[in-house]
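Shown next, in structure tokens, is the structure this report addresses.
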Protein chains: 2
Amino acid sequence: MNHQSERSFPRVVVIGGGFGGVQVAKRLKRSPVQVTLLDRRNFHLFQPLLYQVATGGLATSNIATPLRYMFRKQKNCEVLLADVTGFDLQRKVVILRDGELPYDQLVVAAGATHSYFGHEEWSELAPGLKTIEDAAEIRRRIFMSFERAERESDLERRSELMTFVIVGGGPTGVELAGALAEIAHHTLRNDFHHIDPKEARIVLVEAAPHILAHMPEQLSHRAAEKVRSLGIEIRTQTKVTEILPDRVTLHSAEKTEVLKTRTVLWGAGVKANPLGKLLAEAAGLECDRAGRIPVEPNLSISGHPELFVIGDIASCAGEDGHPLPGLAPVAMQQGQFVAKRIDSIARNKKHDHVFHYRDRGSMATLGRSVAVAKIGKREYCGFFAWLMWLLVHLMQIVQFENRMLVLMQWIWNYFTFNRSARLITESPSSNDSHPGEPNTTPESTASPSDS
Amino acid sequence: MNHQSERSFPRVVVIGGGFGGVQVAKRLKRSPVQVTLLDRRNFHLFQPLLYQVATGGLATSNIATPLRYMFRKQKNCEVLLADVTGFDLQRKVVILRDGELPYDQLVVAAGATHSYFGHEEWSELAPGLKTIEDAAEIRRRIFMSFERAERESDLERRSELMTFVIVGGGPTGVELAGALAEIAHHTLRNDFHHIDPKEARIVLVEAAPHILAHMPEQLSHRAAEKVRSLGIEIRTQTKVTEILPDRVTLHSAEKTEVLKTRTVLWGAGVKANPLGKLLAEAAGLECDRAGRIPVEPNLSISGHPELFVIGDIASCAGEDGHPLPGLAPVAMQQGQFVAKRIDSIARNKKHDHVFHYRDRGSMATLGRSVAVAKIGKREYCGFFAWLMWLLVHLMQIVQFENRMLVLMQWIWNYFTFNRSARLITESPSSNDSHPGEPNTTPESTASPSDS
């Protein structure tokens, strides 16, 4: 290992190359510190558009940017592909799988993963959407279901294959459902001979009384109306109590319903990265129920003013006393705050501010060319909101090149209803069969290749 | 199964959605036949540009087109995702993993896979480049090697990590080596703090006396000069006799050499898809050494005028008596020929032609903006050849959309030296460690996520 700083600048280690970590590192560009940005992947992922990859609208590389490329011009920032296995807060070192990394200041921004609320056995049957591998797996399941349906002559099994259940009515679930409706009604319209993709049934399940529960109630109502008009069934105040390879059981106050389906997608819960627990143990703190670490008003942790926790892995109280939601703007603003604080400390300047989150609004797309948005106190629903959504997301995508290509891809998709990235690739975890169908795997040596 | 044709048109089954198979199906557009195109993948892959995906220059979806999309407007062609397990030539049915498919005429265009010349144990250590999964794996190994080198303080091991050996001096090997040189000298120039990517060593190994042996000797010489000027070492008349996780052994008339390396890429040999053997057995024929099926001058097989074999899986004698090479133009011309023959038969017209391959030339790129090309009797080497190469390949990419995006991506890459698709994704087969380094896998639950 050769990561001792050559200079005597304070060493700032940032764990996680997501929205929070990248913000910290970028904002320290002119600070008298030496930054090391650690991640176990070599790219930053623009997660808000991951659902577009999962539904074949965008290619992976459209929404991922190599971290080294992002920081190639920032002399005081080093990118390190490494795997964190623990912390020694006394000696001030991060423990890696193959070494140690000393720090003067540490920022933990390791993000979150899916939570199945204690039903870890559901993870195979109902994949969530956090990584590019998740997106490829969901894409594979969606398009493979239509392929299977095309070849199925039994009408009951065919309708099972063409039923899609999405658990979770937050932005991810709603955007997945909208994209699925577009696929069924437009993209695949002329593609099959034996099925009509329009007959696909899409069910969106939400435990709360409304979808998009973080939005104002009226806007949420308008969104629900719009989602229904796309042919999507919404079940609110409904919980999933069982997931099996060929069915899900839904439970509400009124009834228990069994839906026959082969494709369940999970957008319901998140929990903090397991690093949170390791860090809490090292610091003698308790995580909250979602595995997040409680932070002080200045985003450091109790007893460790040199250690900051931001983004989805932090439990940071908002003005209403509730923890702030796991959104990119929260992580980014926290990153900016922490960078400023570290800069002040490095320059021996006073910094006794506390973090305040400025909610600039939120938005979600509902299928083709409609979105809901809350900007400040204003609420928008429709095409104009969708244009705003497009603009905001394009502006945020980090690389100029990606922004241009994504825009072109979208313009093309918009006018042609096309989703050219709908490739069914081989899955790393399972083989090519749906769960519960071990006999239909096409991984045979005696099969036509794609050459 | 519900694949009986509704009409009484002859049923033409085409196995394989590569260059040959797609050509057959497309050219039968106006014929009085019912076509079923079978593949085990849902897309057509533009293999000549696969090396660009393997080196991070293009995204997968830039070079892959969903088969259903290609044939969405062709009413007499049905696309079927299926897995062929055998043939019953008496009953005229293709046996699928989950059913049967009857045919009146059958076209087998199942392509080829890598051949390790009896050293199947090398496949893990030296991946070849045939599928998009191969490309992702090679991309992972290349960029991961630089990442590992960055963290390695032992100079000897660092130089092992930065040594790349490419086996096979055909177009694939030469193009991979050229792209690797570009990565080392340009793309990664400013990306690392502890290594200088320019110090990467790239060795191209070829058993024949020249690289690009299918080209005229003088052109091959000029190509070798150019390749050397990129900093690539060429070893001709040299065979690989051993591949281990940390070294390869090269053997030539003069010497035996051991190269310490962690990255070996295979572009040396191909053999026919295993379906070839199954078909040959069913027909009572003998495959050649590369597993290819000998065909009649009209591309049918002996005793079965209703059964055609084309592309890399066919052994079809050229005018010099040698089998035609496994190139896209061969497969495409054969596809056109067979389509014409099937059309004539369906219309009760006479068709007693035999297949003649028209060699319109060949080309290969040598890194950034240089190519060699033989067009008719003319030979070109340099920037003009590269422009021709670009034009020919862009024109061939099937979808208009892809062509535009690939062109934009290339223009961008050309002026910025950028390869934004250099994402290290998780590998389906191995975990994230190099062979022989089982202790460094980053697949831990306690690692920073990419959120």
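Identifiers in this document derive from the order of the structure tokens: chains are assigned A, B, ..., residues are numbered from 1 separately in each chain, and ligands are numbered from 1 in order of occurrence.
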To test your reading of the structure, identify every residue in stretch 74-158 of chain B that backbone DSSP assigns to alpha helix (DSSP H), and report it as a ChimeraX atom specification. /B:132-151,155-158
Mind checking DSSP for stretch 262-442 of chain B and telling me the strand (DSSP E or B) residues as an mmCIF file with all heavy atoms, in the first residue's frame?
```cif
data_model
loop_
_atom_site.group_PDB
_atom_site.id
_atom_site.type_symbol
_atom_site.label_atom_id
_atom_site.label_comp_id
_atom_site.auth_asym_id
_atom_site.auth_seq_id
_atom_site.Cartn_x
_atom_site.Cartn_y
_atom_site.Cartn_z
ATOM 1 N N THR B 263 -3.274 -10.778 -17.460
ATOM 2 C CA THR B 263 -4.377 -10.602 -18.408
ATOM 3 C C THR B 263 -4.004 -11.177 -19.771
ATOM 4 O O THR B 263 -3.160 -10.627 -20.477
ATOM 5 C CB THR B 263 -4.740 -9.107 -18.567
ATOM 6 O OG1 THR B 263 -4.811 -8.502 -17.279
ATOM 7 C CG2 THR B 263 -6.075 -8.958 -19.265
ATOM 8 N N VAL B 264 -4.631 -12.290 -20.099
ATOM 9 C CA VAL B 264 -4.436 -12.914 -21.402
ATOM 10 C C VAL B 264 -5.786 -12.901 -22.115
ATOM 11 O O VAL B 264 -6.800 -13.290 -21.537
ATOM 12 C CB VAL B 264 -3.925 -14.366 -21.258
ATOM 13 C CG1 VAL B 264 -3.636 -14.963 -22.627
ATOM 14 C CG2 VAL B 264 -2.689 -14.413 -20.381
ATOM 15 N N LEU B 265 -5.803 -12.428 -23.338
ATOM 16 C CA LEU B 265 -7.052 -12.396 -24.109
ATOM 17 C C LEU B 265 -6.908 -13.296 -25.328
ATOM 18 O O LEU B 265 -5.840 -13.377 -25.938
ATOM 19 C CB LEU B 265 -7.354 -10.956 -24.545
ATOM 20 C CG LEU B 265 -7.360 -9.922 -23.410
ATOM 21 C CD1 LEU B 265 -7.641 -8.532 -23.954
ATOM 22 C CD2 LEU B 265 -8.365 -10.283 -22.334
ATOM 23 N N TRP B 266 -7.971 -13.985 -25.668
ATOM 24 C CA TRP B 266 -7.902 -15.031 -26.679
ATOM 25 C C TRP B 266 -8.594 -14.612 -27.963
ATOM 26 O O TRP B 266 -9.802 -14.380 -27.978
ATOM 27 C CB TRP B 266 -8.560 -16.299 -26.141
ATOM 28 C CG TRP B 266 -8.322 -17.514 -26.985
ATOM 29 C CD1 TRP B 266 -9.198 -18.045 -27.883
ATOM 30 C CD2 TRP B 266 -7.160 -18.326 -26.997
ATOM 31 N NE1 TRP B 266 -8.643 -19.151 -28.458
ATOM 32 C CE2 TRP B 266 -7.383 -19.357 -27.929
ATOM 33 C CE3 TRP B 266 -5.941 -18.297 -26.318
ATOM 34 C CZ2 TRP B 266 -6.444 -20.339 -28.204
ATOM 35 C CZ3 TRP B 266 -5.004 -19.280 -26.579
ATOM 36 C CH2 TRP B 266 -5.262 -20.277 -27.517
ATOM 37 N N GLY B 269 -8.570 -18.940 -32.025
ATOM 38 C CA GLY B 269 -9.241 -19.982 -32.795
ATOM 39 C C GLY B 269 -10.743 -19.976 -32.620
ATOM 40 O O GLY B 269 -11.261 -19.532 -31.619
ATOM 41 N N VAL B 270 -11.430 -20.453 -33.640
ATOM 42 C CA VAL B 270 -12.866 -20.639 -33.505
ATOM 43 C C VAL B 270 -13.231 -22.050 -33.926
ATOM 44 O O VAL B 270 -12.513 -22.692 -34.694
ATOM 45 C CB VAL B 270 -13.674 -19.636 -34.368
ATOM 46 C CG1 VAL B 270 -13.560 -18.229 -33.836
ATOM 47 C CG2 VAL B 270 -13.242 -19.708 -35.811
ATOM 48 N N LYS B 271 -14.329 -22.526 -33.403
ATOM 49 C CA LYS B 271 -14.869 -23.796 -33.870
ATOM 50 C C LYS B 271 -16.372 -23.632 -34.004
ATOM 51 O O LYS B 271 -16.966 -22.744 -33.404
ATOM 52 C CB LYS B 271 -14.516 -24.917 -32.886
ATOM 53 C CG LYS B 271 -15.102 -24.734 -31.513
ATOM 54 C CD LYS B 271 -14.873 -25.972 -30.655
ATOM 55 C CE LYS B 271 -15.592 -25.793 -29.312
ATOM 56 N NZ LYS B 271 -14.753 -26.009 -28.160
ATOM 57 N N ALA B 272 -16.957 -24.492 -34.783
ATOM 58 C CA ALA B 272 -18.384 -24.364 -35.067
ATOM 59 C C ALA B 272 -19.198 -24.599 -33.802
ATOM 60 O O ALA B 272 -18.778 -25.293 -32.877
ATOM 61 C CB ALA B 272 -18.795 -25.351 -36.151
ATOM 62 N N ILE B 293 -19.786 -28.302 -40.887
ATOM 63 C CA ILE B 293 -20.480 -29.296 -41.708
ATOM 64 C C ILE B 293 -20.155 -29.058 -43.176
ATOM 65 O O ILE B 293 -20.336 -27.946 -43.671
ATOM 66 C CB ILE B 293 -22.002 -29.182 -41.505
ATOM 67 C CG1 ILE B 293 -22.329 -29.371 -40.024
ATOM 68 C CG2 ILE B 293 -22.753 -30.177 -42.367
ATOM 69 C CD1 ILE B 293 -23.728 -28.979 -39.686
ATOM 70 N N PRO B 294 -19.694 -30.083 -43.891
ATOM 71 C CA PRO B 294 -19.425 -29.906 -45.319
ATOM 72 C C PRO B 294 -20.738 -29.710 -46.073
ATOM 73 O O PRO B 294 -21.724 -30.413 -45.822
ATOM 74 C CB PRO B 294 -18.756 -31.223 -45.726
ATOM 75 C CG PRO B 294 -19.196 -32.217 -44.701
ATOM 76 C CD PRO B 294 -19.417 -31.463 -43.427
ATOM 77 N N SER B 300 -26.784 -26.792 -49.682
ATOM 78 C CA SER B 300 -27.574 -27.800 -48.966
ATOM 79 C C SER B 300 -26.615 -28.884 -48.495
ATOM 80 O O SER B 300 -25.419 -28.859 -48.811
ATOM 81 C CB SER B 300 -28.632 -28.392 -49.900
ATOM 82 O OG SER B 300 -28.006 -29.185 -50.892
ATOM 83 N N ILE B 301 -27.107 -29.834 -47.694
ATOM 84 C CA ILE B 301 -26.203 -30.908 -47.305
ATOM 85 C C ILE B 301 -26.591 -32.184 -48.035
ATOM 86 O O ILE B 301 -27.743 -32.363 -48.458
ATOM 87 C CB ILE B 301 -26.143 -31.126 -45.773
ATOM 88 C CG1 ILE B 301 -27.475 -31.618 -45.215
ATOM 89 C CG2 ILE B 301 -25.696 -29.850 -45.065
ATOM 90 C CD1 ILE B 301 -27.388 -31.966 -43.746
ATOM 91 N N HIS B 304 -29.992 -34.093 -48.447
ATOM 92 C CA HIS B 304 -31.095 -33.289 -47.892
ATOM 93 C C HIS B 304 -31.201 -31.953 -48.617
ATOM 94 O O HIS B 304 -30.747 -30.932 -48.113
ATOM 95 C CB HIS B 304 -30.886 -33.057 -46.391
ATOM 96 C CG HIS B 304 -31.074 -34.293 -45.580
ATOM 97 N ND1 HIS B 304 -32.313 -34.746 -45.176
ATOM 98 C CD2 HIS B 304 -30.177 -35.198 -45.136
ATOM 99 C CE1 HIS B 304 -32.177 -35.855 -44.476
ATOM 100 N NE2 HIS B 304 -30.890 -36.163 -44.439
ATOM 101 N N PRO B 305 -31.831 -31.967 -49.784
ATOM 102 C CA PRO B 305 -31.929 -30.714 -50.547
ATOM 103 C C PRO B 305 -32.759 -29.650 -49.832
ATOM 104 O O PRO B 305 -32.728 -28.491 -50.224
ATOM 105 C CB PRO B 305 -32.593 -31.150 -51.854
ATOM 106 C CG PRO B 305 -33.252 -32.450 -51.553
ATOM 107 C CD PRO B 305 -32.446 -33.102 -50.495
ATOM 108 N N GLU B 306 -33.492 -30.037 -48.792
ATOM 109 C CA GLU B 306 -34.339 -29.059 -48.071
ATOM 110 C C GLU B 306 -33.612 -28.452 -46.884
ATOM 111 O O GLU B 306 -34.178 -27.680 -46.131
ATOM 112 C CB GLU B 306 -35.639 -29.748 -47.607
ATOM 113 C CG GLU B 306 -35.539 -30.582 -46.342
ATOM 114 C CD GLU B 306 -34.788 -31.915 -46.526
ATOM 115 O OE1 GLU B 306 -34.329 -32.188 -47.662
ATOM 116 O OE2 GLU B 306 -34.634 -32.648 -45.538
ATOM 117 N N LEU B 307 -32.327 -28.806 -46.709
ATOM 118 C CA LEU B 307 -31.616 -28.386 -45.502
ATOM 119 C C LEU B 307 -30.338 -27.657 -45.900
ATOM 120 O O LEU B 307 -29.469 -28.246 -46.553
ATOM 121 C CB LEU B 307 -31.316 -29.653 -44.680
ATOM 122 C CG LEU B 307 -31.038 -29.483 -43.190
ATOM 123 C CD1 LEU B 307 -31.150 -30.827 -42.498
ATOM 124 C CD2 LEU B 307 -29.721 -28.825 -42.917
ATOM 125 N N PHE B 308 -30.232 -26.388 -45.502
ATOM 126 C CA PHE B 308 -29.078 -25.555 -45.873
ATOM 127 C C PHE B 308 -28.259 -25.207 -44.634
ATOM 128 O O PHE B 308 -28.807 -25.008 -43.551
ATOM 129 C CB PHE B 308 -29.550 -24.269 -46.557
ATOM 130 C CG PHE B 308 -30.389 -24.528 -47.770
ATOM 131 C CD1 PHE B 308 -31.781 -24.595 -47.683
ATOM 132 C CD2 PHE B 308 -29.793 -24.736 -49.015
ATOM 133 C CE1 PHE B 308 -32.560 -24.849 -48.800
ATOM 134 C CE2 PHE B 308 -30.568 -24.987 -50.142
ATOM 135 C CZ PHE B 308 -31.948 -25.047 -50.034
ATOM 136 N N VAL B 309 -26.949 -25.145 -44.842
ATOM 137 C CA VAL B 309 -26.067 -24.756 -43.737
ATOM 138 C C VAL B 309 -25.197 -23.610 -44.232
ATOM 139 O O VAL B 309 -24.556 -23.719 -45.279
ATOM 140 C CB VAL B 309 -25.190 -25.945 -43.281
ATOM 141 C CG1 VAL B 309 -24.308 -25.536 -42.102
ATOM 142 C CG2 VAL B 309 -26.063 -27.136 -42.900
ATOM 143 N N ALA B 314 -20.690 -23.740 -41.490
ATOM 144 C CA ALA B 314 -20.587 -24.492 -42.744
ATOM 145 C C ALA B 314 -19.142 -24.571 -43.208
ATOM 146 O O ALA B 314 -18.372 -23.630 -43.041
ATOM 147 C CB ALA B 314 -21.432 -23.809 -43.820
ATOM 148 N N SER B 315 -18.772 -25.685 -43.789
ATOM 149 C CA SER B 315 -17.488 -25.788 -44.455
ATOM 150 C C SER B 315 -17.765 -25.788 -45.955
ATOM 151 O O SER B 315 -18.172 -26.796 -46.530
ATOM 152 C CB SER B 315 -16.772 -27.077 -44.035
ATOM 153 O OG SER B 315 -15.592 -27.215 -44.783
ATOM 154 N N ALA B 317 -16.350 -24.932 -49.728
ATOM 155 C CA ALA B 317 -15.097 -24.735 -50.459
ATOM 156 C C ALA B 317 -15.142 -23.470 -51.295
ATOM 157 O O ALA B 317 -16.121 -23.201 -52.002
ATOM 158 C CB ALA B 317 -14.816 -25.942 -51.337
ATOM 159 N N PRO B 323 -11.630 -24.065 -47.556
ATOM 160 C CA PRO B 323 -12.918 -23.593 -47.026
ATOM 161 C C PRO B 323 -12.918 -22.069 -46.921
ATOM 162 O O PRO B 323 -11.880 -21.460 -46.635
ATOM 163 C CB PRO B 323 -13.002 -24.217 -45.628
ATOM 164 C CG PRO B 323 -11.944 -25.258 -45.562
ATOM 165 C CD PRO B 323 -10.906 -24.898 -46.581
ATOM 166 N N SER B 362 -11.166 -6.790 -47.541
ATOM 167 C CA SER B 362 -11.222 -6.923 -46.091
ATOM 168 C C SER B 362 -10.463 -5.767 -45.479
ATOM 169 O O SER B 362 -9.639 -5.129 -46.112
ATOM 170 C CB SER B 362 -10.624 -8.262 -45.664
ATOM 171 O OG SER B 362 -9.328 -8.410 -46.196
ATOM 172 N N MET B 363 -10.769 -5.494 -44.216
ATOM 173 C CA MET B 363 -10.130 -4.375 -43.549
ATOM 174 C C MET B 363 -10.001 -4.648 -42.056
ATOM 175 O O MET B 363 -10.689 -5.502 -41.504
ATOM 176 C CB MET B 363 -10.923 -3.080 -43.790
ATOM 177 C CG MET B 363 -12.416 -3.246 -43.980
ATOM 178 S SD MET B 363 -13.276 -1.655 -44.175
ATOM 179 C CE MET B 363 -12.587 -1.097 -45.704
ATOM 180 N N ALA B 364 -9.092 -3.925 -41.432
ATOM 181 C CA ALA B 364 -8.934 -4.015 -39.979
ATOM 182 C C ALA B 364 -8.378 -2.694 -39.491
ATOM 183 O O ALA B 364 -7.547 -2.079 -40.148
ATOM 184 C CB ALA B 364 -7.978 -5.158 -39.604
ATOM 185 N N THR B 365 -8.863 -2.224 -38.327
ATOM 186 C CA THR B 365 -8.314 -0.989 -37.743
ATOM 187 C C THR B 365 -7.105 -1.307 -36.905
ATOM 188 O O THR B 365 -7.017 -2.348 -36.279
ATOM 189 C CB THR B 365 -9.311 -0.272 -36.807
ATOM 190 O OG1 THR B 365 -9.934 -1.241 -35.994
ATOM 191 C CG2 THR B 365 -10.313 0.511 -37.588
ATOM 192 N N ALA B 371 -6.060 2.301 -40.399
ATOM 193 C CA ALA B 371 -6.564 0.983 -40.738
ATOM 194 C C ALA B 371 -5.814 0.456 -41.952
ATOM 195 O O ALA B 371 -5.125 1.212 -42.648
ATOM 196 C CB ALA B 371 -8.071 1.037 -41.017
ATOM 197 N N VAL B 372 -5.913 -0.835 -42.194
ATOM 198 C CA VAL B 372 -5.465 -1.386 -43.462
ATOM 199 C C VAL B 372 -6.688 -1.942 -44.161
ATOM 200 O O VAL B 372 -7.596 -2.474 -43.525
ATOM 201 C CB VAL B 372 -4.425 -2.516 -43.291
ATOM 202 C CG1 VAL B 372 -3.082 -1.945 -42.904
ATOM 203 C CG2 VAL B 372 -4.885 -3.543 -42.295
ATOM 204 N N ALA B 373 -6.703 -1.807 -45.469
ATOM 205 C CA ALA B 373 -7.850 -2.290 -46.219
ATOM 206 C C ALA B 373 -7.385 -2.797 -47.568
ATOM 207 O O ALA B 373 -6.465 -2.257 -48.177
ATOM 208 C CB ALA B 373 -8.869 -1.169 -46.402
ATOM 209 N N LYS B 374 -8.027 -3.881 -47.991
ATOM 210 C CA LYS B 374 -7.821 -4.379 -49.331
ATOM 211 C C LYS B 374 -9.192 -4.368 -49.989
ATOM 212 O O LYS B 374 -10.116 -5.069 -49.565
ATOM 213 C CB LYS B 374 -7.266 -5.802 -49.278
ATOM 214 C CG LYS B 374 -7.004 -6.407 -50.650
ATOM 215 C CD LYS B 374 -6.430 -7.801 -50.486
ATOM 216 C CE LYS B 374 -6.464 -8.540 -51.819
ATOM 217 N NZ LYS B 374 -7.829 -8.950 -52.211
ATOM 218 N N ILE B 375 -9.326 -3.499 -51.004
ATOM 219 C CA ILE B 375 -10.606 -3.387 -51.701
ATOM 220 C C ILE B 375 -10.344 -3.790 -53.136
ATOM 221 O O ILE B 375 -9.622 -3.094 -53.854
ATOM 222 C CB ILE B 375 -11.144 -1.943 -51.667
ATOM 223 C CG1 ILE B 375 -11.040 -1.342 -50.270
ATOM 224 C CG2 ILE B 375 -12.565 -1.877 -52.215
ATOM 225 C CD1 ILE B 375 -12.018 -1.847 -49.280
ATOM 226 N N ARG B 378 -6.884 -3.145 -54.837
ATOM 227 C CA ARG B 378 -6.177 -2.012 -54.245
ATOM 228 C C ARG B 378 -5.908 -2.242 -52.756
ATOM 229 O O ARG B 378 -6.698 -2.854 -52.065
ATOM 230 C CB ARG B 378 -6.994 -0.740 -54.400
ATOM 231 C CG ARG B 378 -6.976 -0.194 -55.808
ATOM 232 C CD ARG B 378 -8.054 0.859 -55.983
ATOM 233 N NE ARG B 378 -8.055 1.344 -57.347
ATOM 234 C CZ ARG B 378 -7.281 2.330 -57.776
ATOM 235 N NH1 ARG B 378 -6.437 2.928 -56.950
ATOM 236 N NH2 ARG B 378 -7.344 2.716 -59.038
ATOM 237 N N GLU B 379 -4.807 -1.690 -52.313
ATOM 238 C CA GLU B 379 -4.450 -1.805 -50.901
ATOM 239 C C GLU B 379 -4.303 -0.412 -50.309
ATOM 240 O O GLU B 379 -3.757 0.488 -50.927
ATOM 241 C CB GLU B 379 -3.128 -2.570 -50.762
ATOM 242 C CG GLU B 379 -3.228 -3.988 -51.314
ATOM 243 C CD GLU B 379 -1.893 -4.712 -51.290
ATOM 244 O OE1 GLU B 379 -0.930 -4.167 -50.724
ATOM 245 O OE2 GLU B 379 -1.838 -5.813 -51.843
ATOM 246 N N TYR B 380 -4.798 -0.250 -49.097
ATOM 247 C CA TYR B 380 -4.735 1.047 -48.432
ATOM 248 C C TYR B 380 -4.217 0.844 -47.007
ATOM 249 O O TYR B 380 -4.531 -0.139 -46.356
ATOM 250 C CB TYR B 380 -6.111 1.686 -48.349
ATOM 251 C CG TYR B 380 -6.814 1.852 -49.670
ATOM 252 C CD1 TYR B 380 -7.651 0.851 -50.165
ATOM 253 C CD2 TYR B 380 -6.653 3.013 -50.416
ATOM 254 C CE1 TYR B 380 -8.305 0.993 -51.372
ATOM 255 C CE2 TYR B 380 -7.304 3.173 -51.632
ATOM 256 C CZ TYR B 380 -8.137 2.168 -52.107
ATOM 257 O OH TYR B 380 -8.779 2.322 -53.290
ATOM 258 N N CYS B 381 -3.437 1.802 -46.544
ATOM 259 C CA CYS B 381 -2.999 1.756 -45.152
ATOM 260 C C CYS B 381 -2.929 3.190 -44.656
ATOM 261 O O CYS B 381 -2.258 4.020 -45.255
ATOM 262 C CB CYS B 381 -1.633 1.075 -45.030
ATOM 263 S SG CYS B 381 -0.983 1.041 -43.354
ATOM 264 N N GLY B 382 -3.637 3.500 -43.577
ATOM 265 C CA GLY B 382 -3.549 4.835 -43.014
ATOM 266 C C GLY B 382 -4.907 5.403 -42.676
ATOM 267 O O GLY B 382 -5.876 4.680 -42.429
#
```
Computed interatomic separation between atom CA of A:Tyr51 and atom CA of A:Gly376 (Å):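 Taking atom CA of A:Tyr51 and atom CA of A:Gly376, their separation equals 25.6 Å.
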With only C-alpha atoms as the atoms that count, which of B:Val24, B:Leu125, B:Met70, B:Val13 lies nearest to B:Glu100?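 Nearest to B:Glu100: B:Val13.
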Please, what distance in Å, to one decimal, runs between atom CA of B:Leu219 and atom CA of B:Ala135?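 Between atom CA of B:Leu219 and atom CA of B:Ala135 the gap is 28.3 Å.
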Computed interatomic separation between atom CA of A:Val392 and atom CA of A:Arg419 (Å): 21.9 Å
Pick from A:Gly276, A:Gly311, A:Pro10, A:Gly16, whichever lies nearest to chain B using only C-alpha atoms: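 Closest candidate: A:Gly16.
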Just want the 12 Å neighbourhood of B:Thr163, counted on only C-alpha atoms, with same-chain residues fewer than 6 positions away dropped. Output as number ranges by chain. B: 141-142, 145-146, 149, 156-157, 177, 180-181, 184, 197-204, 232-233, 246-248, 259-265
Mind writing the picked residues with C-alpha atoms as a PDB file, in the first residue's frame?
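Produced file out_3.pdb, reproduced below:
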```pdb
ATOM      1  CA  ARG B 141     -10.239  -7.588 -16.702  1.00  0.00           C
ATOM      2  CA  ILE B 142      -8.518  -4.782 -18.599  1.00  0.00           C
ATOM      3  CA  SER B 145      -5.763  -4.690 -13.984  1.00  0.00           C
ATOM      4  CA  PHE B 146      -4.984  -0.976 -14.071  1.00  0.00           C
ATOM      5  CA  ALA B 149      -1.653  -1.944 -10.500  1.00  0.00           C
ATOM      6  CA  GLU B 156       7.346  -6.746 -10.149  1.00  0.00           C
ATOM      7  CA  ARG B 157       3.716  -7.535  -9.458  1.00  0.00           C
ATOM      8  CA  ALA B 177      -4.305  -4.709 -29.157  1.00  0.00           C
ATOM      9  CA  LEU B 180      -5.565  -1.405 -25.574  1.00  0.00           C
ATOM     10  CA  ALA B 181      -2.683   0.788 -26.727  1.00  0.00           C
ATOM     11  CA  ALA B 184      -2.913   3.009 -22.112  1.00  0.00           C
ATOM     12  CA  PRO B 197      -0.628   3.708 -17.847  1.00  0.00           C
ATOM     13  CA  LYS B 198       1.773   4.416 -20.717  1.00  0.00           C
ATOM     14  CA  GLU B 199       4.112   1.864 -19.192  1.00  0.00           C
ATOM     15  CA  ALA B 200       1.643  -0.911 -20.001  1.00  0.00           C
ATOM     16  CA  ARG B 201       3.182  -3.672 -22.081  1.00  0.00           C
ATOM     17  CA  ILE B 202       1.058  -5.160 -24.841  1.00  0.00           C
ATOM     18  CA  VAL B 203       2.206  -8.345 -26.568  1.00  0.00           C
ATOM     19  CA  LEU B 204       0.473  -9.765 -29.637  1.00  0.00           C
ATOM     20  CA  ILE B 232       2.776  -3.115 -29.212  1.00  0.00           C
ATOM     21  CA  GLU B 233       5.246  -6.020 -29.301  1.00  0.00           C
ATOM     22  CA  ASP B 246       0.225 -15.230 -13.531  1.00  0.00           C
ATOM     23  CA  ARG B 247       2.143 -16.152 -16.691  1.00  0.00           C
ATOM     24  CA  VAL B 248       2.080 -17.476 -20.245  1.00  0.00           C
ATOM     25  CA  LEU B 259       5.866 -13.683 -19.807  1.00  0.00           C
ATOM     26  CA  LYS B 260       4.589 -12.696 -16.385  1.00  0.00           C
ATOM     27  CA  THR B 261       1.044 -11.365 -16.886  1.00  0.00           C
ATOM     28  CA  ARG B 262      -2.382 -11.348 -15.271  1.00  0.00           C
ATOM     29  CA  THR B 263      -4.377 -10.602 -18.408  1.00  0.00           C
ATOM     30  CA  VAL B 264      -4.436 -12.914 -21.402  1.00  0.00           C
ATOM     31  CA  LEU B 265      -7.052 -12.396 -24.109  1.00  0.00           C
TER      32      LEU B 265
END
```
Fewer than 2 positions away in the same chain doesn't count, so skip those; otherwise give me all residues within 7 Å of stretch 327-341 of chain A, counting only C-alpha atoms, as number ranges by chain. A: 19-21, 23-24, 27-28, 310-311, 325, 343-345, 351, 355, 357
Any idea what's packed within 10 Å of A:Thr249, counting only C-alpha atoms, ignoring anything in its chain fewer than 3 positions away? Could you give it as a list of chain:residue names?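 Result of the neighbour search: A:Lys239, A:Val240, A:Thr241, A:Glu242, A:Ile243, A:Leu244, A:Thr256, A:Glu257, A:Val258, A:Leu259, A:Lys260.
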Residues within 7 Å of B:Arg11, please, as number ranges by chain. Count only C-alpha atoms; anything in the same chain fewer than 6 positions from it doesn't count. B: 33-35, 103-105
Near B:Ser61, counting only C-alpha atoms, which residues have an atom at most 10 Å away, once you skip same-chain residues fewer than 5 positions from it, shown as a PyMOL selection string? (chain A and resi 56+58-61+419-423) or (chain B and resi 43+45+53+66+132+402+406)
